[in-house]
Amino acid sequence: MGSNFAGKPIKCKAAVCRKAGEPLIIEEIEVAPPSSWEVRIKILCTSLCQSDLSFWKLSTGPSSAFPRILGHEAAGVVESVGENVEEVKTGDIVVPVFKRNCGECRDCKSQKGNGCSKFSVEYRCGMPKDGSSRFKDKNGENLNHTLWVSSFTEYTVVDVTHVVKMTPDFPIDKASLLSCGVSTGLGAAWKVAQVEQGSTVAIFGLGAVGLAVAEGARLRGASKIIGVDLNPEKFEIGKKFGLTDFINPTTCGEKSTSQVIKEMTDNGADYCFECIGLTSLMQDAFTSSRKDTGKTILLGIEMHGTPLSISPLELVLAGKTITGSMFGGVKAKVDIPIFANQYLNNELNLDRFITHEVNFEDINKAFDLLEARKSLRCIIWMDK
């Protein structure tokens, strides 16, 4: 695949968010050519994550910047590359990821965590190296980026540290799933918790991330996987991903959720995962974990600034641990290809995460579906 626009700006369609909470508008924009260490990607499909919904509604704070191009789960093909880019070339199938992985810094080389210290300053609404934008609207005004990806556009530019090369035979829509939510849940079970054969797991919140945790725990051989959610329909859905038990907190009577979990797991689950981002659920998850060996993993991002209060005595006397996890501890360039191979080997269930599909022009329907909690992942096709 050759590109007639290499080194030149490209005009294309993008779904622009002008104000917090307002419907996205399909507009013509201009996408700059990639600079050194950057890759311009033709997006083939993208999907809507709960984080996009949060940024869409965010009207204050340093991460609130409008107008902007949302989106950070996607798959596409490399249109052109800037200087010094060697790991991908024009025509390669790739997924852009929000969590960078340069593979060269101290953090990337460490076996602990998935941090990357390639850039010392964390620019939130532009390119990672300097905060600048690669997008302009028809009036020449800059458009803000989102999570260093901005996939709700026909073309985007990302730093090469945010790009993962896929095999050409991997299904494009399934590749999009691996660029954020599903990998987060899988990684949390595999890499952060390291769920063991025969262990017990409790998952608070059964959206795509929570169900991906269940799928990861199933693959790791957990004997009991308990889902906690207010929607009773999630049990039947969750069974497809390995869920063995279900708790609706509103039907527990006088018992708390943690009491019910302790009764089901011989005094506490080995691993508890909070996948919503509510401080109250984080507390419930910690309380539900087993004394001395229980581990609580926080995956949901608390967007309201509410602090989590846990007594030091609970940590010291109970011997339990609690840890946060961004992107499920996944090192994108290393772990996403592993997940892809598991899918191709019929080990990993990805197909059932896709509940809806829409054309790019109907992208606002994807927001409606997610807000109504009717979808896990809605694939948004750019040209189908």
# chains A, B, ... in the order shown; residues from 1 in each chain; ligands from 1
call {"tool": "select_by_dssp", "arguments": {"residues": "range 250-317 of chain A", "states": "alpha helix (DSSP H)", "output": "PyMOL selection string"}}
result
chain A and resi 257-264+279-288+312-317
call {"tool": "write_last_selection", "arguments": {"atoms": "N, CA and C atoms", "output": "PDB file, in the first residue's frame"}}
result
ATOM      1  N   THR A 257     -23.011  -6.876  50.749  1.00  0.00           N
ATOM      2  CA  THR A 257     -22.410  -7.639  49.660  1.00  0.00           C
ATOM      3  C   THR A 257     -21.196  -8.417  50.140  1.00  0.00           C
ATOM      4  N   SER A 258     -20.390  -7.790  50.975  1.00  0.00           N
ATOM      5  CA  SER A 258     -19.187  -8.460  51.471  1.00  0.00           C
ATOM      6  C   SER A 258     -19.535  -9.671  52.329  1.00  0.00           C
ATOM      7  N   GLN A 259     -20.613  -9.587  53.103  1.00  0.00           N
ATOM      8  CA  GLN A 259     -21.036 -10.739  53.906  1.00  0.00           C
ATOM      9  C   GLN A 259     -21.426 -11.911  53.019  1.00  0.00           C
ATOM     10  N   VAL A 260     -22.167 -11.613  51.962  1.00  0.00           N
ATOM     11  CA  VAL A 260     -22.593 -12.664  51.036  1.00  0.00           C
ATOM     12  C   VAL A 260     -21.384 -13.300  50.364  1.00  0.00           C
ATOM     13  N   ILE A 261     -20.423 -12.481  49.932  1.00  0.00           N
ATOM     14  CA  ILE A 261     -19.225 -13.013  49.284  1.00  0.00           C
ATOM     15  C   ILE A 261     -18.430 -13.881  50.248  1.00  0.00           C
ATOM     16  N   LYS A 262     -18.325 -13.463  51.498  1.00  0.00           N
ATOM     17  CA  LYS A 262     -17.577 -14.253  52.484  1.00  0.00           C
ATOM     18  C   LYS A 262     -18.242 -15.601  52.733  1.00  0.00           C
ATOM     19  N   GLU A 263     -19.569 -15.625  52.720  1.00  0.00           N
ATOM     20  CA  GLU A 263     -20.282 -16.891  52.887  1.00  0.00           C
ATOM     21  C   GLU A 263     -20.076 -17.816  51.690  1.00  0.00           C
ATOM     22  N   MET A 264     -19.923 -17.238  50.521  1.00  0.00           N
ATOM     23  CA  MET A 264     -19.773 -18.034  49.301  1.00  0.00           C
ATOM     24  C   MET A 264     -18.346 -18.520  49.085  1.00  0.00           C
ATOM     25  N   THR A 279     -15.805   4.919  44.910  1.00  0.00           N
ATOM     26  CA  THR A 279     -15.087   4.687  46.165  1.00  0.00           C
ATOM     27  C   THR A 279     -15.820   3.689  47.056  1.00  0.00           C
ATOM     28  N   SER A 280     -17.151   3.762  47.088  1.00  0.00           N
ATOM     29  CA  SER A 280     -17.920   2.844  47.927  1.00  0.00           C
ATOM     30  C   SER A 280     -17.713   1.392  47.497  1.00  0.00           C
ATOM     31  N   LEU A 281     -17.619   1.154  46.184  1.00  0.00           N
ATOM     32  CA  LEU A 281     -17.391  -0.211  45.695  1.00  0.00           C
ATOM     33  C   LEU A 281     -15.953  -0.655  45.952  1.00  0.00           C
ATOM     34  N   MET A 282     -15.019   0.277  45.911  1.00  0.00           N
ATOM     35  CA  MET A 282     -13.634  -0.058  46.233  1.00  0.00           C
ATOM     36  C   MET A 282     -13.544  -0.549  47.676  1.00  0.00           C
ATOM     37  N   GLN A 283     -14.272   0.131  48.557  1.00  0.00           N
ATOM     38  CA  GLN A 283     -14.303  -0.270  49.962  1.00  0.00           C
ATOM     39  C   GLN A 283     -14.947  -1.648  50.106  1.00  0.00           C
ATOM     40  N   ASP A 284     -16.056  -1.869  49.401  1.00  0.00           N
ATOM     41  CA  ASP A 284     -16.729  -3.170  49.457  1.00  0.00           C
ATOM     42  C   ASP A 284     -15.820  -4.283  48.953  1.00  0.00           C
ATOM     43  N   ALA A 285     -15.101  -4.000  47.873  1.00  0.00           N
ATOM     44  CA  ALA A 285     -14.203  -5.012  47.310  1.00  0.00           C
ATOM     45  C   ALA A 285     -13.118  -5.386  48.310  1.00  0.00           C
ATOM     46  N   PHE A 286     -12.533  -4.372  48.952  1.00  0.00           N
ATOM     47  CA  PHE A 286     -11.477  -4.638  49.938  1.00  0.00           C
ATOM     48  C   PHE A 286     -12.028  -5.443  51.112  1.00  0.00           C
ATOM     49  N   THR A 287     -13.208  -5.074  51.575  1.00  0.00           N
ATOM     50  CA  THR A 287     -13.823  -5.779  52.703  1.00  0.00           C
ATOM     51  C   THR A 287     -14.151  -7.222  52.340  1.00  0.00           C
ATOM     52  N   SER A 288     -14.417  -7.472  51.063  1.00  0.00           N
ATOM     53  CA  SER A 288     -14.815  -8.811  50.616  1.00  0.00           C
ATOM     54  C   SER A 288     -13.647  -9.749  50.400  1.00  0.00           C
ATOM     55  N   PRO A 312      -5.333   1.821  58.590  1.00  0.00           N
ATOM     56  CA  PRO A 312      -4.073   1.070  58.560  1.00  0.00           C
ATOM     57  C   PRO A 312      -4.161  -0.247  59.316  1.00  0.00           C
ATOM     58  N   LEU A 313      -5.012  -0.278  60.349  1.00  0.00           N
ATOM     59  CA  LEU A 313      -5.175  -1.520  61.103  1.00  0.00           C
ATOM     60  C   LEU A 313      -5.740  -2.626  60.220  1.00  0.00           C
ATOM     61  N   GLU A 314      -6.633  -2.252  59.293  1.00  0.00           N
ATOM     62  CA  GLU A 314      -7.193  -3.249  58.386  1.00  0.00           C
ATOM     63  C   GLU A 314      -6.110  -3.852  57.505  1.00  0.00           C
ATOM     64  N   LEU A 315      -5.154  -3.013  57.108  1.00  0.00           N
ATOM     65  CA  LEU A 315      -4.074  -3.496  56.264  1.00  0.00           C
ATOM     66  C   LEU A 315      -3.080  -4.338  57.060  1.00  0.00           C
ATOM     67  N   VAL A 316      -2.720  -3.865  58.251  1.00  0.00           N
ATOM     68  CA  VAL A 316      -1.687  -4.538  59.036  1.00  0.00           C
ATOM     69  C   VAL A 316      -2.230  -5.808  59.704  1.00  0.00           C
ATOM     70  N   LEU A 317      -3.347  -5.685  60.401  1.00  0.00           N
ATOM     71  CA  LEU A 317      -3.868  -6.827  61.146  1.00  0.00           C
ATOM     72  C   LEU A 317      -4.500  -7.873  60.240  1.00  0.00           C
TER      73      LEU A 317
END
call {"tool": "select_by_dssp", "arguments": {"residues": "range 268-314 of chain A", "states": "strand (DSSP E or B)", "output": "ChimeraX atom specification"}}
result
/A:269,271-274,289,295-298
call {"tool": "residues_around", "arguments": {"residues": "Ile322 in chain A", "least_positions_apart": "4", "cutoff": "10 Å", "atoms": "only C-alpha atoms", "output": "PyMOL selection string"}}
result
chain A and resi 271-273+282+285-286+289+294-298+310+315
call {"tool": "residues_around", "arguments": {"residues": "Phe152 in chain A", "least_positions_apart": "3", "cutoff": "12 Å", "atoms": "only C-alpha atoms", "output": "number ranges by chain"}}
result
A: 12-17, 24-27, 29, 41-49, 52, 68-76, 135, 145-146, 149, 155-157, 359-364, 366, 379-382
call {"tool": "atom_distance", "arguments": {"atom1": "CA of Asn267 in chain A", "atom2": "CA of Lys320 in chain A"}}
result
12.9 Å
call {"tool": "closest_residue", "arguments": {"among": "A:His162, A:Arg218, A:Lys138, A:Arg40", "to": "Gln194 in chain A", "atoms": "only C-alpha atoms"}}
result
A:Arg218
call {"tool": "closest_residue", "arguments": {"among": "A:Lys384, A:Arg18, A:Lys8, A:Arg373", "to": "Asn231 in chain A", "atoms": "only C-alpha atoms"}}
result
A:Arg373
call {"tool": "residues_around", "arguments": {"residues": "Leu299 in chain A", "least_positions_apart": "2", "cutoff": "9 Å", "atoms": "only C-alpha atoms", "output": "VMD selection string"}}
result
chain A and resid 184 to 185 188 209 to 210 273 to 277 297 301 324 to 328
call {"tool": "closest_residue", "arguments": {"among": "A:Val97, A:Ala269, A:Ile247, A:Ala32", "to": "Gly198 in chain A", "atoms": "only C-alpha atoms"}}
result
A:Ala269
call {"tool": "residues_around", "arguments": {"residues": "Lys331 in chain A", "least_positions_apart": "6", "cutoff": "12 Å", "atoms": "only C-alpha atoms", "output": "VMD selection string"}}
result
chain A and resid 97 to 103 107 to 116 161 to 164 179 to 180 183 to 184 187 to 188 191 to 192 337 to 339
call {"tool": "write_last_selection", "arguments": {"atoms": "N, CA and C atoms", "output": "mmCIF file, in the first residue's frame"}}
result
data_model
loop_
_atom_site.group_PDB
_atom_site.id
_atom_site.type_symbol
_atom_site.label_atom_id
_atom_site.label_comp_id
_atom_site.auth_asym_id
_atom_site.auth_seq_id
_atom_site.Cartn_x
_atom_site.Cartn_y
_atom_site.Cartn_z
ATOM 1 N N VAL A 97 -2.711 2.601 21.159
ATOM 2 C CA VAL A 97 -3.027 2.381 22.574
ATOM 3 C C VAL A 97 -2.710 3.640 23.380
ATOM 4 N N PHE A 98 -3.497 3.871 24.423
ATOM 5 C CA PHE A 98 -3.277 5.076 25.233
ATOM 6 C C PHE A 98 -2.080 4.932 26.156
ATOM 7 N N LYS A 99 -1.746 3.698 26.537
ATOM 8 C CA LYS A 99 -0.650 3.460 27.476
ATOM 9 C C LYS A 99 0.621 3.178 26.689
ATOM 10 N N ARG A 100 1.529 4.132 26.707
ATOM 11 C CA ARG A 100 2.713 3.995 25.864
ATOM 12 C C ARG A 100 3.624 2.867 26.335
ATOM 13 N N ASN A 101 4.441 2.369 25.402
ATOM 14 C CA ASN A 101 5.379 1.284 25.687
ATOM 15 C C ASN A 101 6.553 1.423 24.719
ATOM 16 N N CYS A 102 7.567 2.176 25.142
ATOM 17 C CA CYS A 102 8.702 2.410 24.251
ATOM 18 C C CYS A 102 9.613 1.194 24.169
ATOM 19 N N GLY A 103 9.623 0.382 25.232
ATOM 20 C CA GLY A 103 10.441 -0.819 25.253
ATOM 21 C C GLY A 103 11.899 -0.576 25.574
ATOM 22 N N ASP A 107 11.553 1.742 33.009
ATOM 23 C CA ASP A 107 10.267 1.183 33.401
ATOM 24 C C ASP A 107 9.792 0.102 32.435
ATOM 25 N N CYS A 108 9.970 0.334 31.138
ATOM 26 C CA CYS A 108 9.557 -0.666 30.147
ATOM 27 C C CYS A 108 10.367 -1.953 30.281
ATOM 28 N N LYS A 109 11.630 -1.839 30.643
ATOM 29 C CA LYS A 109 12.480 -3.015 30.785
ATOM 30 C C LYS A 109 12.241 -3.751 32.101
ATOM 31 N N SER A 110 11.610 -3.070 33.050
ATOM 32 C CA SER A 110 11.337 -3.695 34.339
ATOM 33 C C SER A 110 10.226 -4.731 34.215
ATOM 34 N N GLN A 111 10.307 -5.779 35.006
ATOM 35 C CA GLN A 111 9.250 -6.790 35.053
ATOM 36 C C GLN A 111 8.092 -6.351 35.939
ATOM 37 N N LYS A 112 8.278 -5.229 36.627
ATOM 38 C CA LYS A 112 7.252 -4.728 37.538
ATOM 39 C C LYS A 112 6.424 -3.638 36.842
ATOM 40 N N GLY A 113 5.131 -3.835 36.783
ATOM 41 C CA GLY A 113 4.247 -2.799 36.251
ATOM 42 C C GLY A 113 4.384 -2.603 34.760
ATOM 43 N N ASN A 114 3.700 -1.550 34.269
ATOM 44 C CA ASN A 114 3.709 -1.257 32.835
ATOM 45 C C ASN A 114 3.918 0.223 32.559
ATOM 46 N N GLY A 115 4.653 0.878 33.432
ATOM 47 C CA GLY A 115 4.952 2.291 33.232
ATOM 48 C C GLY A 115 5.930 2.493 32.087
ATOM 49 N N CYS A 116 5.962 3.715 31.576
ATOM 50 C CA CYS A 116 6.926 4.093 30.532
ATOM 51 C C CYS A 116 7.346 5.525 30.809
ATOM 52 N N THR A 161 5.441 5.114 20.209
ATOM 53 C CA THR A 161 5.379 4.382 21.481
ATOM 54 C C THR A 161 3.952 3.961 21.826
ATOM 55 N N HIS A 162 2.978 4.500 21.104
ATOM 56 C CA HIS A 162 1.575 4.178 21.327
ATOM 57 C C HIS A 162 1.000 3.281 20.221
ATOM 58 N N VAL A 163 1.855 2.594 19.488
ATOM 59 C CA VAL A 163 1.412 1.782 18.349
ATOM 60 C C VAL A 163 1.853 0.328 18.537
ATOM 61 N N VAL A 164 0.933 -0.593 18.277
ATOM 62 C CA VAL A 164 1.236 -2.027 18.333
ATOM 63 C C VAL A 164 0.935 -2.645 16.976
ATOM 64 N N SER A 179 -7.235 -2.922 22.143
ATOM 65 C CA SER A 179 -6.476 -1.681 22.319
ATOM 66 C C SER A 179 -6.755 -0.992 23.652
ATOM 67 N N CYS A 180 -7.787 -1.449 24.395
ATOM 68 C CA CYS A 180 -8.009 -0.863 25.724
ATOM 69 C C CYS A 180 -8.759 -1.799 26.659
ATOM 70 N N SER A 183 -8.180 -5.792 27.009
ATOM 71 C CA SER A 183 -6.813 -6.041 27.482
ATOM 72 C C SER A 183 -6.645 -5.627 28.939
ATOM 73 N N THR A 184 -7.334 -4.562 29.337
ATOM 74 C CA THR A 184 -7.260 -4.118 30.737
ATOM 75 C C THR A 184 -7.753 -5.197 31.678
ATOM 76 N N GLY A 187 -5.449 -8.400 31.463
ATOM 77 C CA GLY A 187 -4.176 -8.148 32.114
ATOM 78 C C GLY A 187 -4.289 -8.107 33.627
ATOM 79 N N ALA A 188 -5.392 -7.539 34.122
ATOM 80 C CA ALA A 188 -5.576 -7.461 35.573
ATOM 81 C C ALA A 188 -5.611 -8.846 36.202
ATOM 82 N N LYS A 191 -1.770 -10.546 34.951
ATOM 83 C CA LYS A 191 -0.497 -9.939 35.310
ATOM 84 C C LYS A 191 -0.490 -9.284 36.684
ATOM 85 N N VAL A 192 -1.585 -8.639 37.046
ATOM 86 C CA VAL A 192 -1.620 -7.924 38.321
ATOM 87 C C VAL A 192 -1.989 -8.878 39.459
ATOM 88 N N PRO A 337 0.069 -8.843 21.442
ATOM 89 C CA PRO A 337 0.273 -9.967 20.517
ATOM 90 C C PRO A 337 0.016 -11.327 21.164
ATOM 91 N N ILE A 338 0.285 -11.458 22.456
ATOM 92 C CA ILE A 338 -0.001 -12.720 23.153
ATOM 93 C C ILE A 338 -1.504 -12.953 23.215
ATOM 94 N N PHE A 339 -2.269 -11.913 23.570
ATOM 95 C CA PHE A 339 -3.730 -12.043 23.594
ATOM 96 C C PHE A 339 -4.259 -12.371 22.198
#
call {"tool": "atom_distance", "arguments": {"atom1": "CA of Thr306 in chain A", "atom2": "CA of Leu278 in chain A"}}
result
8.4 Å
call {"tool": "residues_around", "arguments": {"residues": "Ala212 in chain A", "least_positions_apart": "3", "cutoff": "12 Å", "atoms": "only C-alpha atoms", "output": "NGL selection string"}}
result
:A and (177-178 or 180-190 or 203 or 205-209 or 215-219 or 225 or 227 or 237-243 or 273 or 275 or 299 or 327-328 or 339 or 348-353 or 376-377)
call {"tool": "closest_residue", "arguments": {"among": "A:Val334, A:Ala214, A:Val358, A:Val85", "to": "Asp159 in chain A", "atoms": "only C-alpha atoms"}}
result
A:Val85
call {"tool": "atom_distance", "arguments": {"atom1": "CA of Gly61 in chain A", "atom2": "CA of Phe367 in chain A"}}
result
22.1 Å
call {"tool": "closest_residue", "arguments": {"among": "A:Leu53, A:Val160, A:Cys105, A:Ala202", "to": "Lys129 in chain A", "atoms": "only C-alpha atoms"}}
result
A:Val160
call {"tool": "decode", "arguments": {"residues": "range 138-169 of chain A", "atoms": "N, CA, C and O atoms", "output": "CSV table (one decimal), in the first residue's frame"}}
result
chain,number,residue,atom,x,y,z
A,138,LYS,N,-11.9,23.2,9.9
A,138,LYS,CA,-12.0,23.9,8.6
A,138,LYS,C,-11.6,25.4,8.7
A,138,LYS,O,-11.3,26.0,7.7
A,139,ASN,N,-11.7,25.9,9.9
A,139,ASN,CA,-11.3,27.3,10.2
A,139,ASN,C,-9.8,27.5,10.6
A,139,ASN,O,-9.4,28.6,10.9
A,140,GLY,N,-9.1,26.4,10.6
A,140,GLY,CA,-7.7,26.4,10.9
A,140,GLY,C,-7.4,26.4,12.4
A,140,GLY,O,-6.3,26.6,12.9
A,141,GLU,N,-8.5,26.2,13.2
A,141,GLU,CA,-8.3,26.1,14.7
A,141,GLU,C,-7.9,24.7,15.1
A,141,GLU,O,-8.3,23.7,14.6
A,142,ASN,N,-7.0,24.7,16.1
A,142,ASN,CA,-6.5,23.4,16.6
A,142,ASN,C,-7.7,22.6,17.3
A,142,ASN,O,-8.5,23.2,18.0
A,143,LEU,N,-7.6,21.3,17.2
A,143,LEU,CA,-8.6,20.4,17.9
A,143,LEU,C,-7.7,19.6,18.9
A,143,LEU,O,-6.7,19.1,18.6
A,144,ASN,N,-8.3,19.5,20.1
A,144,ASN,CA,-7.5,18.8,21.1
A,144,ASN,C,-7.6,17.2,20.9
A,144,ASN,O,-8.6,16.7,20.4
A,145,HIS,N,-6.5,16.6,21.4
A,145,HIS,CA,-6.4,15.1,21.3
A,145,HIS,C,-7.1,14.5,22.6
A,145,HIS,O,-7.3,15.3,23.6
A,146,THR,N,-7.3,13.2,22.6
A,146,THR,CA,-7.8,12.5,23.8
A,146,THR,C,-6.9,11.3,24.0
A,146,THR,O,-6.8,10.4,23.1
A,147,LEU,N,-6.3,11.2,25.1
A,147,LEU,CA,-5.5,10.0,25.5
A,147,LEU,C,-4.5,9.6,24.4
A,147,LEU,O,-4.2,8.4,24.2
A,148,TRP,N,-3.9,10.5,23.8
A,148,TRP,CA,-2.8,10.3,22.8
A,148,TRP,C,-3.2,9.4,21.6
A,148,TRP,O,-2.3,8.9,20.9
A,149,VAL,N,-4.5,9.2,21.4
A,149,VAL,CA,-4.9,8.4,20.3
A,149,VAL,C,-5.9,9.1,19.4
A,149,VAL,O,-5.7,9.3,18.2
A,150,SER,N,-7.1,9.6,19.9
A,150,SER,CA,-8.1,10.3,19.1
A,150,SER,C,-8.5,9.5,17.9
A,150,SER,O,-8.1,9.8,16.8
A,151,SER,N,-9.3,8.5,18.1
A,151,SER,CA,-9.6,7.6,17.0
A,151,SER,C,-11.0,7.8,16.3
A,151,SER,O,-11.3,7.2,15.4
A,152,PHE,N,-11.7,8.8,16.8
A,152,PHE,CA,-13.0,9.2,16.1
A,152,PHE,C,-12.8,10.1,14.9
A,152,PHE,O,-13.3,11.1,14.8
A,153,THR,N,-11.9,9.6,14.1
A,153,THR,CA,-11.5,10.3,12.9
A,153,THR,C,-11.0,9.3,11.8
A,153,THR,O,-10.5,8.3,12.2
A,154,GLU,N,-11.1,9.7,10.6
A,154,GLU,CA,-10.7,8.7,9.5
A,154,GLU,C,-9.2,8.6,9.5
A,154,GLU,O,-8.7,7.5,9.1
A,155,TYR,N,-8.4,9.6,10.0
A,155,TYR,CA,-7.0,9.5,10.1
A,155,TYR,C,-6.6,10.2,11.4
A,155,TYR,O,-7.2,11.2,11.9
A,156,THR,N,-5.6,9.6,12.0
A,156,THR,CA,-5.0,10.1,13.3
A,156,THR,C,-3.5,10.0,13.3
A,156,THR,O,-3.0,9.2,12.5
A,157,VAL,N,-2.9,10.8,14.1
A,157,VAL,CA,-1.4,10.7,14.2
A,157,VAL,C,-1.1,10.4,15.7
A,157,VAL,O,-1.6,11.0,16.6
A,158,VAL,N,-0.3,9.3,15.9
A,158,VAL,CA,0.1,8.9,17.2
A,158,VAL,C,1.6,8.7,17.3
A,158,VAL,O,2.3,8.5,16.3
A,159,ASP,N,2.2,8.9,18.5
A,159,ASP,CA,3.6,8.6,18.7
A,159,ASP,C,3.8,7.1,18.6
A,159,ASP,O,3.0,6.3,18.9
A,160,VAL,N,5.0,6.7,18.0
A,160,VAL,CA,5.2,5.3,17.8
A,160,VAL,C,5.2,4.5,19.1
A,160,VAL,O,5.0,3.3,19.0
A,161,THR,N,5.4,5.1,20.2
A,161,THR,CA,5.4,4.4,21.5
A,161,THR,C,4.0,4.0,21.8
A,161,THR,O,3.7,3.2,22.7
A,162,HIS,N,3.0,4.5,21.1
A,162,HIS,CA,1.6,4.2,21.3
A,162,HIS,C,1.0,3.3,20.2
A,162,HIS,O,-0.2,3.2,20.0
A,163,VAL,N,1.9,2.6,19.5
A,163,VAL,CA,1.4,1.8,18.3
A,163,VAL,C,1.9,0.3,18.5
A,163,VAL,O,3.0,0.1,18.9
A,164,VAL,N,0.9,-0.6,18.3
A,164,VAL,CA,1.2,-2.0,18.3
A,164,VAL,C,0.9,-2.6,17.0
A,164,VAL,O,-0.2,-2.5,16.5
A,165,LYS,N,1.9,-3.3,16.4
A,165,LYS,CA,1.7,-4.0,15.1
A,165,LYS,C,1.0,-5.3,15.3
A,165,LYS,O,1.3,-6.1,16.2
A,166,MET,N,0.0,-5.6,14.4
A,166,MET,CA,-0.8,-6.8,14.5
A,166,MET,C,-0.5,-7.6,13.2
A,166,MET,O,0.0,-7.1,12.2
A,167,THR,N,-0.7,-8.9,13.3
A,167,THR,CA,-0.6,-9.8,12.1
A,167,THR,C,-1.7,-9.4,11.1
A,167,THR,O,-2.8,-9.1,11.5
A,168,PRO,N,-1.4,-9.5,9.8
A,168,PRO,CA,-2.4,-9.1,8.8
A,168,PRO,C,-3.6,-9.9,8.8
A,168,PRO,O,-4.6,-9.5,8.3
A,169,ASP,N,-3.6,-11.2,9.4
A,169,ASP,CA,-4.8,-12.0,9.3
A,169,ASP,C,-5.7,-11.8,10.5
A,169,ASP,O,-6.7,-12.5,10.6
